[in-house]
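The data block below is entry.cif; it holds mmCIF, C-alpha atoms.
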```cif
data_upload
loop_
_atom_site.label_atom_id
_atom_site.label_comp_id
_atom_site.auth_asym_id
_atom_site.auth_seq_id
_atom_site.Cartn_x
_atom_site.Cartn_y
_atom_site.Cartn_z
CA MET A 1093 -3.72 -14.56 48.08
CA HIS A 1094 -1.48 -12.37 50.22
CA ARG A 1095 -2.93 -8.92 50.88
CA THR A 1096 -0.74 -5.91 51.48
CA THR A 1097 -1.34 -4.03 54.68
CA THR A 1098 0.03 -0.69 53.50
CA ALA A 1099 -1.26 1.40 50.66
CA PRO A 1100 0.78 0.64 47.52
CA THR A 1101 1.94 3.14 45.00
CA ALA A 1102 -0.86 3.78 42.50
CA PRO A 1103 -0.27 2.03 39.16
CA VAL A 1104 0.97 4.18 36.35
CA GLY A 1105 -1.24 4.31 33.27
CA ALA A 1106 0.92 3.07 30.41
CA ASN A 1107 1.65 5.57 27.65
CA LEU A 1108 2.52 3.09 24.92
CA ALA A 1109 1.39 5.05 21.87
CA ALA A 1110 4.87 4.85 20.38
CA LEU A 1111 4.74 1.07 20.58
CA ARG A 1112 1.33 0.62 19.01
CA ASP A 1113 2.19 0.82 15.34
CA HIS A 1114 1.28 -2.17 13.20
CA ASN A 1115 4.77 -3.65 12.89
CA THR A 1116 5.47 -3.41 16.60
CA ALA A 1117 2.15 -5.10 17.32
CA LEU A 1118 3.10 -7.94 14.97
CA VAL A 1119 6.35 -8.49 16.82
CA LEU A 1120 4.70 -8.27 20.23
CA GLY A 1121 2.07 -10.79 19.18
CA LEU A 1122 4.72 -13.26 18.04
CA LEU A 1123 6.68 -12.83 21.26
CA ARG A 1124 3.48 -13.48 23.19
CA GLU A 1125 2.93 -16.69 21.25
CA ALA A 1126 6.54 -17.80 21.67
CA GLY A 1127 6.35 -17.86 25.44
CA GLU A 1128 9.43 -18.10 27.64
CA ARG A 1129 11.54 -19.65 24.88
CA GLY A 1130 11.22 -16.44 22.93
CA ALA A 1131 12.12 -15.90 19.29
CA SER A 1132 15.25 -14.74 17.51
CA ARG A 1133 15.31 -11.61 15.40
CA ALA A 1134 15.72 -13.78 12.31
CA GLU A 1135 12.66 -15.80 13.26
CA LEU A 1136 10.66 -12.63 13.84
CA ALA A 1137 11.77 -11.20 10.49
CA GLY A 1138 10.83 -14.42 8.71
CA ARG A 1139 7.35 -14.55 10.18
CA THR A 1140 6.53 -10.86 9.83
CA GLY A 1141 8.12 -10.18 6.46
CA LEU A 1142 9.99 -7.25 8.01
CA THR A 1143 13.66 -6.61 7.35
CA PRO A 1144 16.16 -7.70 10.01
CA GLN A 1145 17.05 -4.04 10.54
CA ALA A 1146 13.40 -3.14 11.19
CA VAL A 1147 13.04 -6.01 13.64
CA SER A 1148 16.20 -4.95 15.46
CA LYS A 1149 14.87 -1.41 15.89
CA ILE A 1150 11.50 -2.68 17.16
CA THR A 1151 12.99 -5.15 19.63
CA ALA A 1152 15.39 -2.46 20.88
CA ARG A 1153 12.42 -0.19 21.62
CA LEU A 1154 10.60 -3.02 23.35
CA ARG A 1155 13.64 -3.76 25.50
CA ASP A 1156 14.07 -0.09 26.36
CA GLY A 1157 10.41 0.01 27.35
CA GLY A 1158 10.81 -3.06 29.57
CA LEU A 1159 8.37 -5.15 27.52
CA ALA A 1160 11.02 -7.53 26.14
CA ALA A 1161 14.24 -9.10 27.38
CA GLU A 1162 16.85 -11.57 26.20
CA ALA A 1163 15.90 -15.23 26.54
CA GLY A 1164 19.29 -16.84 25.94
CA ARG A 1165 21.02 -17.92 22.76
CA ARG A 1166 19.94 -20.39 20.12
CA ALA A 1167 22.18 -23.32 19.25
CA SER A 1168 24.77 -22.34 16.66
CA THR A 1169 24.20 -23.53 13.09
CA GLY A 1170 27.68 -22.54 11.98
CA GLY A 1171 27.68 -18.81 12.64
CA LYS A 1172 27.29 -16.67 15.71
CA PRO A 1173 24.52 -18.05 17.97
CA ALA A 1174 21.33 -15.99 17.64
CA THR A 1175 19.97 -14.23 20.72
CA ALA A 1176 16.33 -14.95 21.49
CA ILE A 1177 13.97 -12.21 22.68
CA ARG A 1178 11.01 -12.89 24.97
CA LEU A 1179 8.04 -10.93 26.26
CA VAL A 1180 8.26 -9.79 29.89
CA PRO A 1181 4.83 -10.81 31.25
CA GLY A 1182 4.96 -8.62 34.34
CA ALA A 1183 5.96 -5.44 32.50
CA ALA A 1184 2.33 -4.32 32.42
CA HIS A 1185 -1.10 -5.56 33.49
CA ALA A 1186 -4.77 -5.15 32.69
CA VAL A 1187 -7.90 -5.33 34.81
CA GLY A 1188 -10.78 -7.54 33.68
CA LEU A 1189 -14.31 -7.14 35.10
CA HIS A 1190 -17.27 -9.46 34.59
CA LEU A 1191 -20.46 -7.72 35.72
CA ASP A 1192 -23.21 -10.31 36.03
CA ARG A 1193 -26.73 -9.66 37.25
CA ASP A 1194 -26.01 -10.83 40.79
CA GLU A 1195 -22.22 -10.90 41.20
CA MET A 1196 -19.03 -9.46 39.81
CA HIS A 1197 -15.65 -11.00 39.14
CA ALA A 1198 -12.45 -8.99 38.87
CA THR A 1199 -9.02 -10.09 37.73
CA LEU A 1200 -5.62 -8.56 37.20
CA ALA A 1201 -3.82 -10.20 34.27
CA ASP A 1202 -0.25 -9.90 33.02
CA LEU A 1203 0.71 -9.47 29.36
CA THR A 1204 0.20 -13.18 28.65
CA GLY A 1205 -3.35 -13.00 30.04
CA THR A 1206 -2.37 -14.99 33.12
CA PRO A 1207 -4.28 -13.85 36.24
CA VAL A 1208 -2.12 -12.67 39.13
CA ALA A 1209 -4.95 -11.59 41.44
CA ALA A 1210 -8.73 -12.08 41.53
CA ARG A 1211 -11.78 -11.03 43.50
CA THR A 1212 -15.48 -11.91 43.56
CA ALA A 1213 -18.26 -9.89 45.18
CA PRO A 1214 -22.07 -9.73 45.18
CA LEU A 1215 -23.48 -7.25 42.67
CA ALA A 1216 -27.05 -5.96 42.53
CA PHE A 1217 -27.23 -5.05 38.84
CA GLY A 1218 -30.89 -4.16 39.21
CA ALA A 1219 -30.12 -1.63 41.95
CA GLY A 1220 -28.99 0.89 39.36
CA ALA A 1221 -25.90 2.76 38.29
CA GLU A 1222 -24.74 4.28 41.57
CA ALA A 1223 -24.80 0.97 43.45
CA VAL A 1224 -22.99 -0.84 40.65
CA LEU A 1225 -20.35 1.87 40.20
CA ALA A 1226 -19.68 1.96 43.94
CA THR A 1227 -19.20 -1.82 44.08
CA VAL A 1228 -16.87 -1.83 41.08
CA GLU A 1229 -14.84 1.09 42.46
CA ARG A 1230 -14.39 -0.67 45.80
CA GLU A 1231 -13.42 -4.04 44.29
CA VAL A 1232 -10.99 -2.60 41.74
CA ALA A 1233 -9.27 -0.56 44.45
CA ALA A 1234 -8.91 -3.70 46.57
CA LEU A 1235 -7.62 -5.71 43.60
CA LEU A 1236 -4.94 -3.13 42.79
CA ALA A 1237 -3.99 -2.84 46.45
CA GLU A 1238 -3.50 -6.59 46.59
CA ALA A 1239 -1.27 -6.93 43.54
CA ALA A 1240 0.23 -3.40 43.27
CA PRO A 1241 0.98 -3.41 39.51
CA ALA A 1242 3.53 -0.82 38.41
CA THR A 1243 1.96 -0.23 35.00
CA LEU A 1244 -1.68 -0.62 33.99
CA LEU A 1245 -2.74 -0.84 30.33
CA GLY A 1246 -6.48 -0.55 30.77
CA VAL A 1247 -9.71 -2.01 32.11
CA GLY A 1248 -11.87 -4.45 30.16
CA VAL A 1249 -15.51 -4.71 31.21
CA ALA A 1250 -17.81 -7.59 30.25
CA ALA A 1251 -21.50 -6.88 30.92
CA PRO A 1252 -24.88 -8.34 29.97
CA GLY A 1253 -26.15 -7.28 26.56
CA PRO A 1254 -27.45 -5.90 24.42
CA LEU A 1255 -25.03 -2.98 24.36
CA ASP A 1256 -23.13 -0.70 22.01
CA HIS A 1257 -19.51 -1.85 22.09
CA ALA A 1258 -18.25 1.08 20.00
CA GLY A 1259 -20.01 3.76 22.06
CA GLY A 1260 -19.68 2.04 25.43
CA VAL A 1261 -23.42 2.36 26.11
CA LEU A 1262 -25.82 -0.22 27.53
CA HIS A 1263 -29.12 -0.94 25.81
CA ARG A 1264 -32.20 -2.67 27.26
CA VAL A 1265 -30.46 -5.35 29.29
CA THR A 1266 -32.86 -8.25 29.60
CA GLY A 1267 -34.65 -7.95 32.94
CA HIS A 1268 -33.14 -4.52 33.65
CA PRO A 1269 -34.48 -2.06 31.06
CA GLN A 1270 -33.62 0.89 33.34
CA TRP A 1271 -30.03 0.64 32.04
CA ASP A 1272 -31.07 1.55 28.49
CA GLY A 1273 -28.83 4.34 27.20
CA PHE A 1274 -26.48 4.42 30.20
CA PRO A 1275 -22.85 5.28 29.20
CA LEU A 1276 -21.27 2.60 31.38
CA ARG A 1277 -17.80 2.78 29.81
CA ASP A 1278 -17.36 6.50 30.37
CA ALA A 1279 -18.97 6.38 33.81
CA LEU A 1280 -16.54 3.68 34.93
CA ALA A 1281 -13.54 5.51 33.45
CA GLU A 1282 -14.48 8.61 35.47
CA ARG A 1283 -15.32 6.73 38.65
CA LEU A 1284 -12.17 4.60 38.68
CA GLY A 1285 -9.94 7.55 37.84
CA LEU A 1286 -7.03 5.39 36.69
CA GLY A 1287 -6.20 7.39 33.58
CA VAL A 1288 -6.28 4.33 31.32
CA PRO A 1289 -8.69 3.23 28.58
CA VAL A 1290 -11.85 1.38 29.59
CA VAL A 1291 -13.32 -1.05 27.04
CA LEU A 1292 -16.90 -2.33 27.32
CA ASP A 1293 -18.27 -5.40 25.55
CA LYS A 1294 -20.88 -8.08 26.02
CA ASP A 1295 -19.91 -10.89 28.35
CA THR A 1296 -20.17 -13.43 25.54
CA ASN A 1297 -18.01 -11.37 23.17
CA ALA A 1298 -15.35 -10.95 25.81
CA ALA A 1299 -15.31 -14.70 26.38
CA ALA A 1300 -15.10 -15.34 22.64
CA LEU A 1301 -12.17 -12.94 22.29
CA GLY A 1302 -10.26 -14.74 25.01
CA LEU A 1303 -11.07 -18.16 23.57
CA ALA A 1304 -10.03 -17.09 20.07
CA ARG A 1305 -6.44 -16.89 21.31
CA THR A 1306 -6.40 -20.68 21.60
CA ARG A 1307 -7.18 -20.92 17.85
CA ALA A 1308 -9.08 -24.14 18.42
CA ALA A 1309 -11.14 -23.36 15.31
CA ASP A 1310 -11.34 -20.58 12.76
CA SER A 1311 -15.07 -20.19 13.39
CA PHE A 1312 -16.92 -21.13 16.56
CA ALA A 1313 -19.77 -20.13 18.85
CA TYR A 1314 -19.49 -19.69 22.58
CA LEU A 1315 -22.89 -20.26 24.23
CA HIS A 1316 -23.19 -18.88 27.75
CA LEU A 1317 -26.02 -20.06 30.00
CA GLY A 1318 -26.05 -18.44 33.43
CA THR A 1319 -28.40 -15.75 34.65
CA GLY A 1320 -29.19 -15.21 30.95
CA LEU A 1321 -28.40 -16.87 27.63
CA GLY A 1322 -26.23 -15.40 24.90
CA ALA A 1323 -23.59 -16.23 22.30
CA GLY A 1324 -20.20 -14.95 21.29
CA LEU A 1325 -19.37 -15.58 17.64
CA VAL A 1326 -15.91 -15.97 16.14
CA LEU A 1327 -15.93 -16.01 12.34
CA GLY A 1328 -12.66 -16.21 10.45
CA ARG A 1329 -10.72 -15.93 13.76
CA GLY A 1330 -12.30 -12.56 14.58
CA VAL A 1331 -15.11 -11.74 17.00
CA HIS A 1332 -18.23 -10.93 14.99
CA ARG A 1333 -20.09 -8.05 16.64
CA GLY A 1334 -22.16 -6.85 13.68
CA ALA A 1335 -22.52 -3.40 12.14
CA ARG A 1336 -24.28 -2.08 15.26
CA THR A 1337 -22.32 -4.37 17.64
CA GLY A 1338 -25.54 -6.23 18.39
CA ALA A 1339 -24.70 -9.70 17.05
CA GLY A 1340 -24.94 -12.70 19.36
CA GLU A 1341 -28.35 -12.12 20.95
CA PHE A 1342 -28.75 -15.88 20.76
CA GLY A 1343 -31.18 -16.08 23.67
CA HIS A 1344 -33.86 -14.10 21.88
CA GLN A 1345 -34.47 -16.34 18.91
CA VAL A 1346 -38.11 -17.39 19.11
CA LEU A 1347 -38.58 -21.16 19.39
CA GLN A 1348 -42.23 -21.25 20.39
CA LEU A 1349 -44.79 -18.95 18.82
CA ASP A 1350 -47.18 -17.59 21.49
CA GLY A 1351 -44.91 -19.13 24.12
CA PRO A 1352 -44.27 -17.73 27.58
CA PRO A 1353 -43.36 -14.04 27.76
CA CYS A 1354 -39.69 -13.09 27.81
CA PRO A 1355 -38.42 -9.98 29.63
CA CYS A 1356 -37.19 -8.70 26.25
CA GLY A 1357 -40.85 -8.19 25.22
CA ASN A 1358 -41.21 -11.15 22.86
CA ARG A 1359 -42.77 -14.53 23.58
CA GLY A 1360 -41.26 -17.98 23.34
CA CYS A 1361 -37.62 -16.91 23.32
CA ILE A 1362 -35.11 -19.68 23.92
CA GLU A 1363 -33.78 -17.78 26.95
CA ALA A 1364 -37.21 -17.71 28.62
CA LEU A 1365 -37.85 -21.38 27.82
CA CYS A 1366 -34.40 -22.51 28.90
CA LEU A 1367 -34.33 -20.56 32.16
CA ALA A 1368 -37.83 -21.81 32.99
CA ALA A 1369 -36.63 -25.40 32.56
CA VAL A 1370 -33.61 -24.69 34.75
CA ALA A 1371 -35.83 -23.18 37.45
CA ALA A 1372 -38.06 -26.26 37.32
CA GLY A 1373 -35.05 -28.53 37.77
CA ASP A 1374 -35.52 -30.07 34.32
CA THR A 1375 -31.91 -30.09 33.15
CA GLY A 1376 -32.67 -32.49 30.32
CA ARG A 1377 -35.22 -30.12 28.77
CA ALA A 1378 -32.93 -27.11 29.26
CA ALA A 1379 -30.11 -28.97 27.52
CA ARG A 1380 -32.37 -30.00 24.62
CA LEU A 1381 -33.56 -26.43 24.17
CA LEU A 1382 -29.98 -25.19 24.17
CA GLY A 1383 -29.19 -27.86 21.59
CA VAL A 1384 -32.04 -26.79 19.30
CA GLY A 1385 -30.78 -23.21 19.38
CA ALA A 1386 -27.21 -24.35 18.76
CA ALA A 1387 -28.34 -26.43 15.78
CA ASN A 1388 -30.09 -23.38 14.30
CA LEU A 1389 -26.88 -21.39 14.70
CA VAL A 1390 -24.70 -24.07 13.14
CA ARG A 1391 -27.02 -24.41 10.15
CA LEU A 1392 -27.09 -20.65 9.67
CA LEU A 1393 -23.36 -19.93 9.99
CA ASP A 1394 -21.69 -23.29 9.23
CA ILE A 1395 -19.30 -22.90 12.17
CA ASP A 1396 -16.66 -25.45 13.15
CA LEU A 1397 -17.12 -25.77 16.90
CA VAL A 1398 -19.58 -25.07 19.72
CA LEU A 1399 -18.21 -24.19 23.16
CA LEU A 1400 -20.43 -24.05 26.25
CA GLY A 1401 -20.01 -22.02 29.43
CA GLY A 1402 -21.81 -20.16 32.20
CA ARG A 1403 -22.58 -21.20 35.75
CA THR A 1404 -25.67 -23.23 34.80
CA VAL A 1405 -23.74 -25.29 32.26
CA LEU A 1406 -20.83 -25.74 34.66
CA ALA A 1407 -23.19 -27.08 37.33
CA ASP A 1408 -23.90 -30.10 35.09
CA PRO A 1409 -21.54 -29.97 32.10
CA GLU A 1410 -22.05 -33.54 30.94
CA ALA A 1411 -25.82 -33.13 30.63
CA TYR A 1412 -25.57 -29.92 28.63
CA THR A 1413 -22.79 -31.16 26.41
CA ALA A 1414 -24.77 -34.33 25.65
CA GLY A 1415 -27.97 -32.38 24.94
CA VAL A 1416 -26.29 -30.03 22.50
CA ARG A 1417 -24.27 -32.82 20.89
CA ASP A 1418 -27.42 -34.89 20.30
CA ALA A 1419 -29.15 -31.94 18.64
CA LEU A 1420 -26.18 -31.42 16.32
CA ALA A 1421 -25.70 -35.07 15.39
CA GLY A 1422 -26.37 -35.94 11.78
CA GLY A 1423 -26.04 -32.41 10.46
CA ALA A 1424 -24.90 -31.77 6.91
CA GLY A 1425 -21.17 -32.36 6.62
CA GLY A 1426 -21.01 -34.37 9.85
CA ALA A 1427 -21.46 -33.54 13.51
CA VAL A 1428 -19.92 -30.32 14.81
CA PRO A 1429 -17.78 -30.85 17.94
CA VAL A 1430 -19.21 -29.66 21.26
CA ALA A 1431 -17.15 -29.01 24.39
CA VAL A 1432 -17.15 -27.03 27.61
CA ALA A 1433 -15.04 -23.90 27.12
CA PRO A 1434 -11.60 -24.06 28.72
CA GLY A 1435 -11.29 -21.74 31.65
CA GLY A 1436 -14.48 -22.83 33.39
CA GLY A 1437 -15.93 -20.10 35.54
CA ARG A 1438 -13.09 -17.73 34.55
CA THR A 1439 -13.88 -17.72 30.83
CA VAL A 1440 -15.67 -14.37 30.81
CA VAL A 1441 -13.49 -12.43 33.26
CA ASP A 1442 -10.29 -13.61 31.57
CA GLY A 1443 -11.81 -12.50 28.27
CA ALA A 1444 -12.59 -9.13 29.83
CA ALA A 1445 -8.92 -8.65 30.65
CA GLU A 1446 -8.12 -9.56 27.04
CA LEU A 1447 -10.35 -6.66 25.91
CA ALA A 1448 -7.80 -4.32 27.50
CA LEU A 1449 -4.72 -6.28 26.42
CA ALA A 1450 -5.73 -6.84 22.80
CA PRO A 1451 -4.96 -3.34 21.43
CA LEU A 1452 -1.29 -3.77 22.33
CA PHE A 1453 -1.14 -6.92 20.21
CA ARG A 1454 -3.61 -5.72 17.57
CA THR A 1455 -5.91 -8.64 18.40
CA THR A 1456 -9.04 -6.52 18.51
CA GLY A 1457 -11.19 -9.38 17.27
CA GLY A 1458 -13.25 -7.93 14.47
CA VAL A 1459 -15.79 -5.15 14.60
#
```
This structure in structure tokens:
Amino acid sequence: MHRTTTAPTAPVGANLAALRDHNTALVLGLLREAGERGASRAELAGRTGLTPQAVSKITARLRDGGLAAEAGRRASTGGKPATAIRLVPGAAHAVGLHLDRDEMHATLADLTGTPVAARTAPLAFGAGAEAVLATVEREVAALLAEAAPATLLGVGVAAPGPLDHAGGVLHRVTGHPQWDGFPLRDALAERLGLGVPVVLDKDTNAAALGLARTRAADSFAYLHLGTGLGAGLVLGRGVHRGARTGAGEFGHQVLQLDGPPCPCGNRGCIEALCLAAVAAGDTGRAARLLGVGAANLVRLLDIDLVLLGGRTVLADPEAYTAGVRDALAGGAGGAVPVAVAPGGGRTVVDGAAELALAPLFRTTGGV
């Protein structure tokens, strides 16, 4: 991508509090779904249950704020042709960050979630807070210099779990217990100094939030096998985080009593078994283990779909898809579909950007 050679004007943190009431969020969400064709005020009123007058006031505010614009006129059905309204994708942007154990991905996404700039850099997660914060600060500054967004909504951060999504605090990240209790969300907000909200969630939850926008199924599991193993759960179209935001620690279900030790402190966890098989080059065994865990999850939650992602899966997607599909075959009510998550290697970082975009559209994805 083209890189600017002069320092751009710093993005302005969006003050959109006046636009974040429930009815406005409904209209914004429908305009987002409608795409470039847009929607007429009558269509928006019909789908929201709002009065035409209320819709007119909301769309006028959105146009004044630069978030919406006219998209042409509908064909006449006998009266005056209706004017369609569309979302303006470039009116504001959000940063998405995927912090993995050995690398980070950064993206700048417009209001539709479409990336307009991206960066990847090595990341030594085990080196501690100062090293990680310095890397993130440098890469975000470079990302914003490249794309020069006028308005920034926020920063979404996807990190390894377990963590406290509500408090923005890391817990004992598997393999890196020194992060336990670190307030990563607030530390990043201070370090970046952008004056916008920072949202922290598990990498798998961020991915699930982004995937939920496709509405492929009301309930599904996203299983991520990379440097670790975890799950993002969507139940009833909302991300299920649990009462303490600790749901989805899929990798630490015990499959083998008295099995090999896992960095979490238990023995025989599916993550330890699966990563050991990957390290040994036994993809078939790793895929079967992933399938056994997926089958346990499907039986427990009766979900409609299993999506797979993560760099290890993407290195041999057919083998992992087949292994999980075989384990799920013959289940009660028929086999549950299995597929690689759309988005490939961008699934998590695009979901991270959605963490920052979602409040504008009230798609917060559960609790």
If the PyMOL selection byres ((chain A and resi 1270-1273) around 10) is run on the structure shown, which residues does it catch, given as a count of residues only? 21
Calculate how many Å separate atom CA of A:Arg1193 from atom CA of A:Leu1349, rounding to one decimal. 27.4 Å
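If all atoms listed in the file are the atoms counted, then among A:Gly1330, A:Val1249, A:Ala1223, A:His1197 the closest residue to A:Arg1305 is A:Gly1330.
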Can you list what the PyMOL selection byres ((chain A and resi 1365) around 9) grabs from this structure, as number ranges by chain? A: 1347-1348, 1351-1352, 1354, 1360-1364, 1366-1370, 1378, 1381
Extract, using all atoms listed in the file, all DNA, RNA and protein residues at most 8 Å from stretch 1173-1189 of chain A, discarding same-chain residues fewer than 5 positions from it, and format them as number ranges by chain. A: 1106, 1120, 1123-1124, 1126-1133, 1151, 1158-1168, 1196-1204, 1241-1250, 1441-1449
Convert the output of the PyMOL selection byres ((chain A and resi 1379) around 8) on the shown file into explicit residues, formatted as a ChimeraX atom specification. /A:1366,1375-1378,1380-1383,1411-1416
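With atom CA of A:Val1326 on one side and atom CA of A:Val1288 on the other, the separation reads 27.1 Å.
Each of A:Pro1429, A:Gly1328, A:Pro1355, A:Gly1259 was compared to A:Asp1396 using only C-alpha atoms, and A:Pro1429 turns out to be the nearest.
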Pairwise distance for atom CA of A:Asn1297 and atom CA of A:Leu1325, rounded to one decimal in Å: 7.1 Å
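Nearest-residue note for A:Gly1401: choosing from A:His1114, A:His1257, A:Arg1438, A:Arg1454, the minimum distance belongs to A:Arg1438, counting all atoms listed in the file.
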Please list as a compact mmCIF listing (two decimals) with C-alpha atoms, keeping the file's coordinate frame every residue within 9 Å of A:Asn1115, counting only C-alpha atoms and excluding residues in the same chain fewer than 3 positions away.
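Here's the written file around17.txt:
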```txt
# COMPACT_ATOMS: atom_id res chain seq x y z
CA ARG A 1112 1.33 0.62 19.01
CA LEU A 1118 3.10 -7.94 14.97
CA VAL A 1119 6.35 -8.49 16.82
CA LEU A 1120 4.70 -8.27 20.23
CA THR A 1140 6.53 -10.86 9.83
CA LEU A 1142 9.99 -7.25 8.01
CA ALA A 1146 13.40 -3.14 11.19
CA VAL A 1147 13.04 -6.01 13.64
CA ILE A 1150 11.50 -2.68 17.16
```
